[in-house]
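**Q** Got final.txt for you, compact mmCIF, C-alpha atoms:
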# COMPACT_ATOMS: atom_id res chain seq x y z
CA MET Y 1 22.64 10.43 -9.01
CA PHE Y 2 18.93 10.87 -9.66
CA ILE Y 3 17.68 14.48 -9.67
CA ASP Y 4 14.00 15.36 -10.02
CA MET Y 5 12.98 18.89 -8.95
CA PRO Y 6 14.41 21.26 -6.34
CA LEU Y 7 12.73 20.86 -2.97
CA ASP Y 8 11.02 24.27 -3.08
CA GLN Y 9 9.35 23.30 -6.35
CA LEU Y 10 8.40 19.88 -5.01
CA ARG Y 11 6.60 21.44 -2.06
CA ASP Y 12 4.34 23.34 -4.49
CA TYR Y 13 3.99 20.60 -7.11
CA ARG Y 14 0.29 19.82 -7.54
CA PRO Y 15 -0.26 18.48 -11.06
CA PRO Y 16 -3.68 17.92 -12.65
CA ARG Y 17 -5.34 14.62 -11.82
CA HIS Y 18 -6.99 12.28 -14.30
CA GLU Y 19 -9.83 10.87 -12.23
CA PRO Y 20 -12.33 8.71 -14.15
CA ALA Y 21 -15.94 9.77 -13.80
CA GLU Y 22 -16.74 6.27 -12.49
CA PHE Y 23 -13.86 6.16 -9.99
CA GLY Y 24 -16.04 6.18 -6.86
CA ALA Y 25 -18.65 3.86 -8.33
CA PHE Y 26 -15.94 1.45 -9.51
CA TRP Y 27 -14.51 1.07 -6.01
CA ASP Y 28 -17.94 0.90 -4.36
CA ARG Y 29 -18.88 -1.92 -6.72
CA THR Y 30 -15.54 -3.69 -6.22
CA LEU Y 31 -15.83 -3.73 -2.43
CA GLU Y 32 -19.52 -4.66 -2.52
CA GLU Y 33 -18.66 -7.69 -4.66
CA ALA Y 34 -15.81 -8.67 -2.33
CA ARG Y 35 -18.06 -8.50 0.73
CA LYS Y 36 -20.48 -10.99 -0.78
CA HIS Y 37 -17.88 -13.59 0.22
CA ASP Y 38 -17.63 -14.59 3.87
CA LEU Y 39 -14.48 -13.05 5.35
CA ASP Y 40 -13.71 -16.44 6.92
CA ALA Y 41 -10.80 -15.10 8.98
CA VAL Y 42 -8.88 -17.93 10.68
CA PHE Y 43 -6.07 -17.36 13.19
CA THR Y 44 -3.84 -20.31 14.07
CA GLU Y 45 -1.19 -19.78 16.76
CA VAL Y 46 2.28 -20.98 15.74
CA ASP Y 47 5.41 -21.65 17.77
CA THR Y 48 8.18 -19.36 16.52
CA GLY Y 49 10.53 -19.70 19.50
CA LEU Y 50 9.89 -16.04 20.35
CA SER Y 51 8.90 -15.89 24.02
CA LEU Y 52 7.86 -12.22 24.12
CA VAL Y 53 5.29 -12.36 21.31
CA ARG Y 54 2.44 -14.58 20.20
CA SER Y 55 2.20 -15.22 16.46
CA TYR Y 56 -0.81 -16.33 14.46
CA ASP Y 57 -0.82 -17.72 10.94
CA VAL Y 58 -3.77 -15.93 9.32
CA GLY Y 59 -6.04 -16.83 6.45
CA PHE Y 60 -8.92 -14.72 5.15
CA ALA Y 61 -10.95 -14.22 1.99
CA GLY Y 62 -9.81 -11.34 -0.20
CA PHE Y 63 -10.94 -10.23 -3.64
CA GLY Y 64 -13.19 -12.83 -5.25
CA GLY Y 65 -13.18 -14.84 -2.03
CA HIS Y 66 -9.60 -15.91 -2.83
CA PRO Y 67 -7.58 -17.16 0.16
CA ILE Y 68 -5.03 -14.61 1.42
CA LYS Y 69 -2.34 -15.32 4.01
CA GLY Y 70 -0.94 -13.08 6.70
CA TRP Y 71 0.49 -12.85 10.19
CA LEU Y 72 -0.98 -11.43 13.36
CA ILE Y 73 1.70 -10.80 15.99
CA VAL Y 74 0.93 -9.46 19.48
CA PRO Y 75 2.88 -9.01 22.71
CA ALA Y 76 2.82 -12.25 24.71
CA SER Y 77 1.41 -10.38 27.71
CA ALA Y 78 -1.62 -9.04 25.81
CA THR Y 79 -4.95 -9.75 27.54
CA GLY Y 80 -7.23 -7.15 26.00
CA PRO Y 81 -7.77 -5.32 22.74
CA LEU Y 82 -4.65 -3.59 21.38
CA PRO Y 83 -4.20 -0.86 18.80
CA CYS Y 84 -3.13 -2.48 15.55
CA VAL Y 85 -1.00 -1.63 12.54
CA VAL Y 86 -2.03 -3.33 9.29
CA GLN Y 87 1.21 -3.66 7.34
CA TYR Y 88 1.41 -3.86 3.53
CA ILE Y 89 4.47 -5.10 1.68
CA GLY Y 90 6.78 -3.81 -1.06
CA TYR Y 91 6.85 -5.04 -4.65
CA ASN Y 92 7.83 -8.70 -5.14
CA ARG Y 93 8.10 -9.28 -1.40
CA GLY Y 94 5.98 -11.65 0.68
CA ARG Y 95 4.96 -11.88 4.32
CA GLY Y 96 8.21 -13.61 5.27
CA VAL Y 97 8.27 -14.94 8.84
CA PRO Y 98 7.07 -13.41 12.14
CA GLN Y 99 10.65 -12.60 13.11
CA ASP Y 100 10.60 -9.96 10.34
CA TRP Y 101 7.80 -7.95 11.99
CA LEU Y 102 8.69 -7.36 15.64
CA LEU Y 103 8.81 -3.54 15.74
CA TRP Y 104 5.14 -2.93 16.51
CA PRO Y 105 4.70 -5.73 19.07
CA ALA Y 106 7.82 -4.38 20.82
CA ALA Y 107 5.97 -1.05 21.08
CA GLY Y 108 2.94 -2.77 22.63
CA TRP Y 109 0.86 -2.86 19.45
CA ALA Y 110 -0.56 -5.70 17.41
CA VAL Y 111 0.65 -5.95 13.83
CA PHE Y 112 -1.29 -7.63 11.03
CA VAL Y 113 0.93 -8.35 8.02
CA MET Y 114 -0.87 -8.99 4.73
CA ASP Y 115 0.79 -11.24 2.17
CA SER Y 116 0.71 -9.90 -1.41
CA ARG Y 117 -0.98 -12.31 -3.77
CA GLY Y 118 1.24 -13.73 -6.48
CA GLN Y 119 4.38 -12.06 -5.13
CA GLY Y 120 7.08 -12.99 -2.63
CA GLY Y 121 9.70 -14.25 -5.06
CA ILE Y 122 12.40 -11.77 -3.99
CA ARG Y 123 13.86 -11.20 -0.49
CA GLN Y 124 10.89 -12.20 1.72
CA SER Y 125 8.93 -15.28 0.68
CA GLY Y 126 5.19 -15.23 0.05
CA ASP Y 127 2.52 -17.87 0.49
CA THR Y 128 -0.49 -16.49 -1.42
CA ALA Y 129 -1.35 -17.41 -4.99
CA ASP Y 130 -3.17 -15.14 -7.43
CA PRO Y 131 -5.69 -17.42 -9.17
CA VAL Y 132 -6.72 -14.75 -11.69
CA GLY Y 133 -5.01 -14.98 -15.07
CA GLY Y 134 -6.12 -11.59 -16.37
CA THR Y 135 -6.57 -10.87 -20.08
CA GLY Y 136 -4.34 -9.58 -22.85
CA PRO Y 137 -0.55 -9.36 -23.15
CA MET Y 138 1.80 -8.52 -20.28
CA VAL Y 139 5.49 -8.39 -19.41
CA PRO Y 140 7.02 -10.21 -16.39
CA GLY Y 141 6.05 -8.65 -13.08
CA ARG Y 142 2.62 -7.59 -11.83
CA LEU Y 143 2.43 -4.03 -13.10
CA THR Y 144 1.03 -4.95 -16.53
CA HIS Y 145 -1.07 -7.91 -15.37
CA GLY Y 146 -4.58 -7.26 -16.73
CA VAL Y 147 -3.74 -3.62 -17.47
CA LEU Y 148 -6.10 -3.35 -20.44
CA ASP Y 149 -9.23 -3.32 -18.26
CA PRO Y 150 -9.75 -1.92 -14.74
CA ASP Y 151 -11.87 -4.94 -13.79
CA ASP Y 152 -9.00 -7.29 -14.68
CA TYR Y 153 -6.12 -5.27 -13.29
CA TYR Y 154 -3.87 -6.80 -10.62
CA TYR Y 155 -4.08 -3.82 -8.29
CA ARG Y 156 -7.85 -4.06 -8.13
CA ARG Y 157 -7.32 -7.39 -6.43
CA LEU Y 158 -4.42 -6.26 -4.24
CA TYR Y 159 -6.13 -3.11 -2.94
CA THR Y 160 -9.32 -5.07 -2.24
CA ASP Y 161 -7.25 -7.62 -0.32
CA GLY Y 162 -5.88 -4.65 1.63
CA VAL Y 163 -9.37 -3.52 2.65
CA ARG Y 164 -10.32 -7.05 3.65
CA ALA Y 165 -7.11 -7.32 5.70
CA VAL Y 166 -8.31 -4.41 7.86
CA GLU Y 167 -11.65 -6.18 8.29
CA ALA Y 168 -9.88 -9.43 9.20
CA ALA Y 169 -7.65 -7.70 11.75
CA ARG Y 170 -10.67 -5.97 13.30
CA SER Y 171 -12.35 -9.34 13.78
CA HIS Y 172 -9.74 -10.65 16.25
CA PRO Y 173 -10.54 -10.21 19.98
CA LEU Y 174 -7.01 -8.96 20.75
CA VAL Y 175 -7.40 -6.07 18.26
CA ASP Y 176 -9.14 -2.80 19.09
CA ALA Y 177 -11.24 -2.19 15.98
CA ASP Y 178 -11.35 1.54 16.71
CA GLN Y 179 -7.57 1.94 16.95
CA MET Y 180 -6.32 0.91 13.52
CA VAL Y 181 -3.39 2.25 11.50
CA VAL Y 182 -2.36 1.20 7.98
CA ALA Y 183 1.27 1.29 6.93
CA GLY Y 184 3.66 0.36 4.16
CA GLY Y 185 6.55 1.41 1.97
CA SER Y 186 6.74 1.56 -1.83
CA GLN Y 187 3.98 -0.78 -3.09
CA GLY Y 188 2.93 -1.08 0.55
CA GLY Y 189 2.77 2.71 0.78
CA GLY Y 190 0.58 2.89 -2.30
CA THR Y 191 -1.66 0.21 -0.82
CA ALA Y 192 -1.88 2.08 2.50
CA MET Y 193 -2.91 5.24 0.64
CA ALA Y 194 -5.64 3.41 -1.29
CA VAL Y 195 -6.95 1.50 1.72
CA SER Y 196 -7.02 4.58 3.95
CA ALA Y 197 -9.19 6.29 1.34
CA LEU Y 198 -11.52 3.29 1.08
CA VAL Y 199 -11.91 2.35 4.78
CA PRO Y 200 -13.53 4.81 7.18
CA GLY Y 201 -12.52 5.23 10.78
CA LEU Y 202 -8.76 4.59 10.60
CA ARG Y 203 -6.65 6.52 13.09
CA HIS Y 204 -3.61 7.11 10.87
CA ALA Y 205 -1.78 6.07 7.70
CA PHE Y 206 1.99 5.70 7.42
CA ILE Y 207 2.73 6.16 3.70
CA ASP Y 208 6.42 5.69 2.90
CA VAL Y 209 7.92 6.38 -0.57
CA PRO Y 210 4.61 5.34 -2.18
CA PHE Y 211 4.48 3.46 -5.48
CA MET Y 212 1.56 3.77 -7.96
CA THR Y 213 1.25 7.55 -7.58
CA HIS Y 214 1.37 10.06 -10.46
CA ILE Y 215 2.00 7.06 -12.70
CA ARG Y 216 2.08 8.98 -15.98
CA ARG Y 217 4.96 11.17 -14.81
CA ALA Y 218 6.81 8.27 -13.22
CA CYS Y 219 6.84 6.47 -16.56
CA GLU Y 220 8.26 9.58 -18.23
CA ILE Y 221 11.14 10.31 -15.86
CA THR Y 222 12.46 6.99 -14.54
CA ASP Y 223 13.74 3.84 -16.20
CA ALA Y 224 13.85 1.96 -12.91
CA ASP Y 225 11.65 -1.04 -12.23
CA PRO Y 226 8.83 -1.53 -11.49
CA TYR Y 227 7.66 1.48 -13.56
CA ALA Y 228 9.98 0.33 -16.37
CA GLU Y 229 7.69 -2.70 -16.80
CA LEU Y 230 5.09 -0.32 -18.25
CA GLY Y 231 7.67 1.19 -20.60
CA ARG Y 232 8.74 -2.22 -21.88
CA PHE Y 233 5.12 -3.21 -22.40
CA LEU Y 234 4.30 -0.06 -24.37
CA GLN Y 235 7.40 -0.42 -26.55
CA THR Y 236 5.53 -3.15 -28.42
CA GLN Y 237 1.93 -2.33 -27.52
CA ARG Y 238 2.15 1.20 -28.97
CA HIS Y 239 -1.51 1.27 -29.95
CA LEU Y 240 -2.58 0.63 -26.33
CA VAL Y 241 -1.01 3.67 -24.62
CA ASP Y 242 -4.27 5.52 -24.01
CA GLN Y 243 -6.08 2.36 -22.93
CA VAL Y 244 -3.33 1.46 -20.45
CA PHE Y 245 -3.26 4.86 -18.78
CA THR Y 246 -7.05 4.98 -18.65
CA THR Y 247 -6.92 1.76 -16.61
CA LEU Y 248 -4.14 3.07 -14.40
CA ASP Y 249 -6.15 6.18 -13.51
CA TYR Y 250 -8.44 3.95 -11.42
CA PHE Y 251 -5.43 2.97 -9.28
CA ASP Y 252 -3.36 6.15 -9.21
CA GLY Y 253 -2.54 7.38 -5.72
CA LEU Y 254 -3.32 10.95 -6.76
CA ASN Y 255 -7.00 10.07 -7.00
CA PHE Y 256 -7.04 8.23 -3.68
CA ALA Y 257 -5.14 11.11 -2.05
CA ALA Y 258 -7.72 13.67 -3.13
CA ARG Y 259 -10.46 11.61 -1.43
CA ASN Y 260 -8.50 10.70 1.69
CA THR Y 261 -9.32 12.20 5.10
CA THR Y 262 -7.29 9.80 7.28
CA PRO Y 263 -4.43 11.61 9.05
CA ALA Y 264 -1.19 10.59 7.33
CA LEU Y 265 2.57 10.72 7.69
CA PHE Y 266 4.46 10.45 4.38
CA SER Y 267 8.13 9.99 3.62
CA VAL Y 268 10.20 10.74 0.53
CA GLY Y 269 13.82 10.23 -0.48
CA LEU Y 270 15.00 13.03 -2.74
CA ARG Y 271 17.40 10.70 -4.60
CA ASP Y 272 14.81 7.99 -5.17
CA ALA Y 273 14.73 6.76 -8.77
CA ILE Y 274 12.11 4.06 -8.06
CA THR Y 275 9.38 6.36 -6.76
CA PRO Y 276 10.65 9.76 -7.93
CA PRO Y 277 10.18 12.61 -5.43
CA SER Y 278 7.78 14.55 -7.66
CA THR Y 279 5.40 11.57 -7.73
CA VAL Y 280 5.40 11.39 -3.92
CA PHE Y 281 4.93 15.13 -3.47
CA ALA Y 282 2.14 15.14 -6.08
CA ALA Y 283 0.18 12.70 -3.91
CA TYR Y 284 1.10 14.52 -0.70
CA ASN Y 285 0.06 17.90 -2.08
CA HIS Y 286 -3.29 16.51 -3.28
CA TYR Y 287 -3.90 14.70 0.02
CA ALA Y 288 -7.16 15.99 1.50
CA GLY Y 289 -6.70 14.93 5.12
CA PRO Y 290 -4.35 16.09 7.90
CA LYS Y 291 -0.81 15.32 6.79
CA ASP Y 292 2.91 15.67 7.34
CA ILE Y 293 5.93 14.51 5.37
CA LYS Y 294 9.46 13.58 6.33
CA VAL Y 295 11.98 14.56 3.65
CA TRP Y 296 15.25 12.63 3.41
CA PRO Y 297 17.49 14.66 1.05
CA PHE Y 298 20.35 12.17 0.67
CA ASN Y 299 18.34 8.95 0.63
CA GLU Y 300 17.07 6.83 -2.20
CA HIS Y 301 14.18 4.36 -2.08
CA GLU Y 302 15.08 3.26 1.44
CA GLY Y 303 13.84 6.64 2.68
CA GLY Y 304 14.35 7.32 6.37
CA GLU Y 305 14.42 3.68 7.52
CA SER Y 306 14.81 3.58 11.33
CA ALA Y 307 14.56 7.38 11.58
CA GLN Y 308 11.18 7.22 9.86
CA SER Y 309 10.15 4.40 12.18
CA ALA Y 310 11.01 6.62 15.14
CA ALA Y 311 8.67 9.32 13.83
CA GLN Y 312 5.91 6.73 13.38
CA LEU Y 313 6.44 5.38 16.89
CA GLN Y 314 6.04 8.89 18.28
CA ILE Y 315 2.68 9.24 16.52
CA ALA Y 316 1.69 5.75 17.74
CA ARG Y 317 2.53 6.77 21.32
CA GLU Y 318 0.29 9.83 20.98
CA LEU Y 319 -2.52 7.78 19.47
CA ARG Y 320 -2.33 5.24 22.25
CA GLY Y 321 -2.42 8.01 24.77
CA ASP Y 322 -5.66 9.20 23.15
CA ALA Y 323 -7.00 5.63 23.33
CA ARG Y 324 -6.41 5.51 27.07
Now that the file is in, can you turn its structure into structure tokens?

**A**
Amino acid sequence: MFIDMPLDQLRDYRPPRHEPAEFGAFWDRTLEEARKHDLDAVFTEVDTGLSLVRSYDVGFAGFGGHPIKGWLIVPASATGPLPCVVQYIGYNRGRGVPQDWLLWPAAGWAVFVMDSRGQGGIRQSGDTADPVGGTGPMVPGRLTHGVLDPDDYYYRRLYTDGVRAVEAARSHPLVDADQMVVAGGSQGGGTAMAVSALVPGLRHAFIDVPFMTHIRRACEITDADPYAELGRFLQTQRHLVDQVFTTLDYFDGLNFAARNTTPALFSVGLRDAITPPSTVFAAYNHYAGPKDIKVWPFNEHEGGESAQSAAQLQIARELRGDAR
């Protein structure tokens, strides 16, 4: 059984952040470079055999203009702009098939599912390559890919893809560009936290058991993958410890949280060894915008699952009431 801190300590846990002086400028430059490429969002309707939804195979240009895949799924009866959830995916998963993403269309929303470049080899399949090789050594997995330089790092590309996914979703006539929510669990939760800090005007962020937050502590207290990839890397690259963590500071959820004003609902499992509770609460306690957190004392990385979805649906109902 994994034990981190008692809940009363977690609620007050607000560790120092290591924000690079160039953090804001780095992300401004990254997104400016990405937007030099035409978004080129293409939506192709596909027959899935599902009569109550319409599904679109999506392609758009992400970081570097690289082609990124996704799904847009809407209720079959939709005739006008709908509120939309942009959904990000957990580590090593891909976009799967439309049948995997029916919750939000069943609630009357559009859902835009972004494929994760270079992932999708476990559980749900992916369809997006990562054409960037990065520089320097790495261990299997994406966590150390290009980790010696912020410009080369994998998560620079993934988070930029996440921003462009919002822009692609907003471009579709069945999506209400003013009623956008970002969501995800684990890696998807970390992506939702970054994107909601980088994109203005989002209505809400659903940030479940987020990965890539308080990374230094995570590497100290858990041997579970994916954080263990960093430990294995640094076992042999001992001379690169400072350089690696300097890169990671540009992608740490603590630094996005401190800049984030999008209303957010978090979740945490107190027995989670993959994203330890103290790393989640560190981001939550630094979060600058309106926020709430659902605490699941006896759950691991699965968090609240359908119970968390119920809480998100309640917020979505309130948001849609505001939209009307």

**Q** What's around Val199 in chain Y at 10 Å? Count all atoms listed in the file, leave out sequence neighbours fewer than 5 positions away in its own chain, and write the answer as JSON, numbers by chain.

**A** {"Y": [162, 163, 164, 166, 167, 194, 260, 262]}

**Q** Between range 118-182 of chain Y and range 208-217 of chain Y, at 12 Å or less, what are the per-residue closest atom pairs and their distances in Å? Count only C-alpha atoms, order by chain and rising residue number, and return it as CSV.

**A**
residue,atom,partner,partner_atom,distance
Y:Leu143,CA,Y:Met212,CA,9.4
Y:Tyr155,CA,Y:Met212,CA,9.5
Y:Tyr159,CA,Y:Met212,CA,11.5
Y:Val182,CA,Y:Asp208,CA,11.1

**Q** Tell me, in Å to one decimal, how far CA of Gly64 in chain Y is from CA of His37 in chain Y.

**A** 7.2 Å

**Q** Please determine, counting all atoms listed in the file, which residue among Y:Thr236, Y:Thr30, Y:Ser125, Y:Thr261 has the shortest atom-to-atom distance to Ser196 in chain Y.

**A**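 Checking each candidate against Ser196 in chain Y, we get Y:Thr261 as the closest.
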
**Q** Please measure the separation of CA of Gly189 in chain Y and CA of Leu50 in chain Y, giving the value in Å to one decimal.

**A**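 Atom-to-atom, CA of Gly189 in chain Y to CA of Leu50 in chain Y, that is 28.0 Å.
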
**Q** Could you tell me how far CA of Tyr153 in chain Y lies from CA of Thr247 in chain Y, in Å and to one decimal?

**A** 7.8 Å

**Q** With only C-alpha atoms as the atoms that count, which of Y:Leu10, Y:Ile207, Y:Val53, Y:Val132 lies nearest to Ala76 in chain Y?

**A**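 Smallest distance to Ala76 in chain Y is found for Y:Val53.
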
**Q** When distances are computed from all atoms listed in the file, which of Y:Leu240, Y:Arg54, Y:Ser267, Y:Asn92 shows the smallest separation from Ala307 in chain Y?

**A**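 Closest to Ala307 in chain Y, using all atoms listed in the file: Y:Ser267.
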
**Q** Which centre and edge lengths in Å to one decimal define the box along x, y and z that fits every listed atom of range 42-54 of chain Y plus 4 Å per side, as AutoDock Vina command-line options?

**A**
--center_x 0.8 --center_y -16.9 --center_z 17.4 --size_x 27.4 --size_y 17.4 --size_z 21.4

**Q** Could you please give me, as a ChimeraX atom specification, the residues of protein, DNA or RNA lying at most 9 Å from (2.1, -16.2, 6.6) in the coordinate frame of the file, considering only C-alpha atoms?

**A** /Y:56-59,68-72,94-98,113-115,126-128

**Q** With all atoms listed in the file as the basis for distance, which of Y:Ala283, Y:Ile221, Y:Val175, Y:Val195 is at the shortest distance from Leu31 in chain Y?

**A**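 Answer, going by the shortest atom-to-atom distance: Y:Val195.
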
**Q** When you count all atoms listed in the file, which of these residues is closest to Asn285 in chain Y: Y:Gly80, Y:Gly253, Y:Gly303, Y:Gly133?

**A**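 Looking at the shortest contact to Asn285 in chain Y, the residue is Y:Gly253.
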
**Q** Using 10 Å as the limit and counting all atoms listed in the file, can you tabulate each residue of range 192-231 of chain Y that touches range 287-298 of chain Y, with its shortest atom-to-atom distance in Å and the two atoms involved, as JSON lines?

**A**
{"residue": "Y:Met193", "atom": "CA", "partner": "Y:Tyr287", "partner_atom": "CA", "distance": 9.5}
{"residue": "Y:Ala197", "atom": "CA", "partner": "Y:Gly289", "partner_atom": "CA", "distance": 9.8}
{"residue": "Y:His204", "atom": "CA", "partner": "Y:Pro290", "partner_atom": "CA", "distance": 9.5}
{"residue": "Y:Ala205", "atom": "CA", "partner": "Y:Lys291", "partner_atom": "CA", "distance": 9.3}
{"residue": "Y:Phe206", "atom": "CA", "partner": "Y:Ile293", "partner_atom": "CA", "distance": 9.9}
{"residue": "Y:Ile207", "atom": "CA", "partner": "Y:Ile293", "partner_atom": "CA", "distance": 9.1}
{"residue": "Y:Asp208", "atom": "CA", "partner": "Y:Lys294", "partner_atom": "CA", "distance": 9.1}

**Q** Taking all atoms listed in the file into account, which of Y:His286, Y:Arg156, Y:His172, Y:Arg320 comes nearest Tyr13 in chain Y?

**A**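 With all atoms listed in the file as the atom set, the closest residue is Y:His286.
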
**Q** Phe245 in chain Y: which residues within 10 Å, counting all atoms listed in the file, same-chain residues fewer than 4 positions away excluded, as a list in words?

**A** His18, Val147, Leu148, Ile215, Arg216, Leu230, Leu240, Val241, Asp249, Tyr250, Phe251 and Asp252 of chain Y

**Q** What residues have an atom no more than 8 Å from (-12.1, 5.2, -12.5) in the file's own frame, counting all atoms listed in the file, and can you write them as a list in words?

**A**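 Protein and nucleic acid residues near the point are Glu19, Pro20, Ala21, Glu22, Phe23, Gly24, Ala25, Phe26, Pro150, Thr246, Thr247, Asp249, Tyr250 and Phe251 of chain Y.
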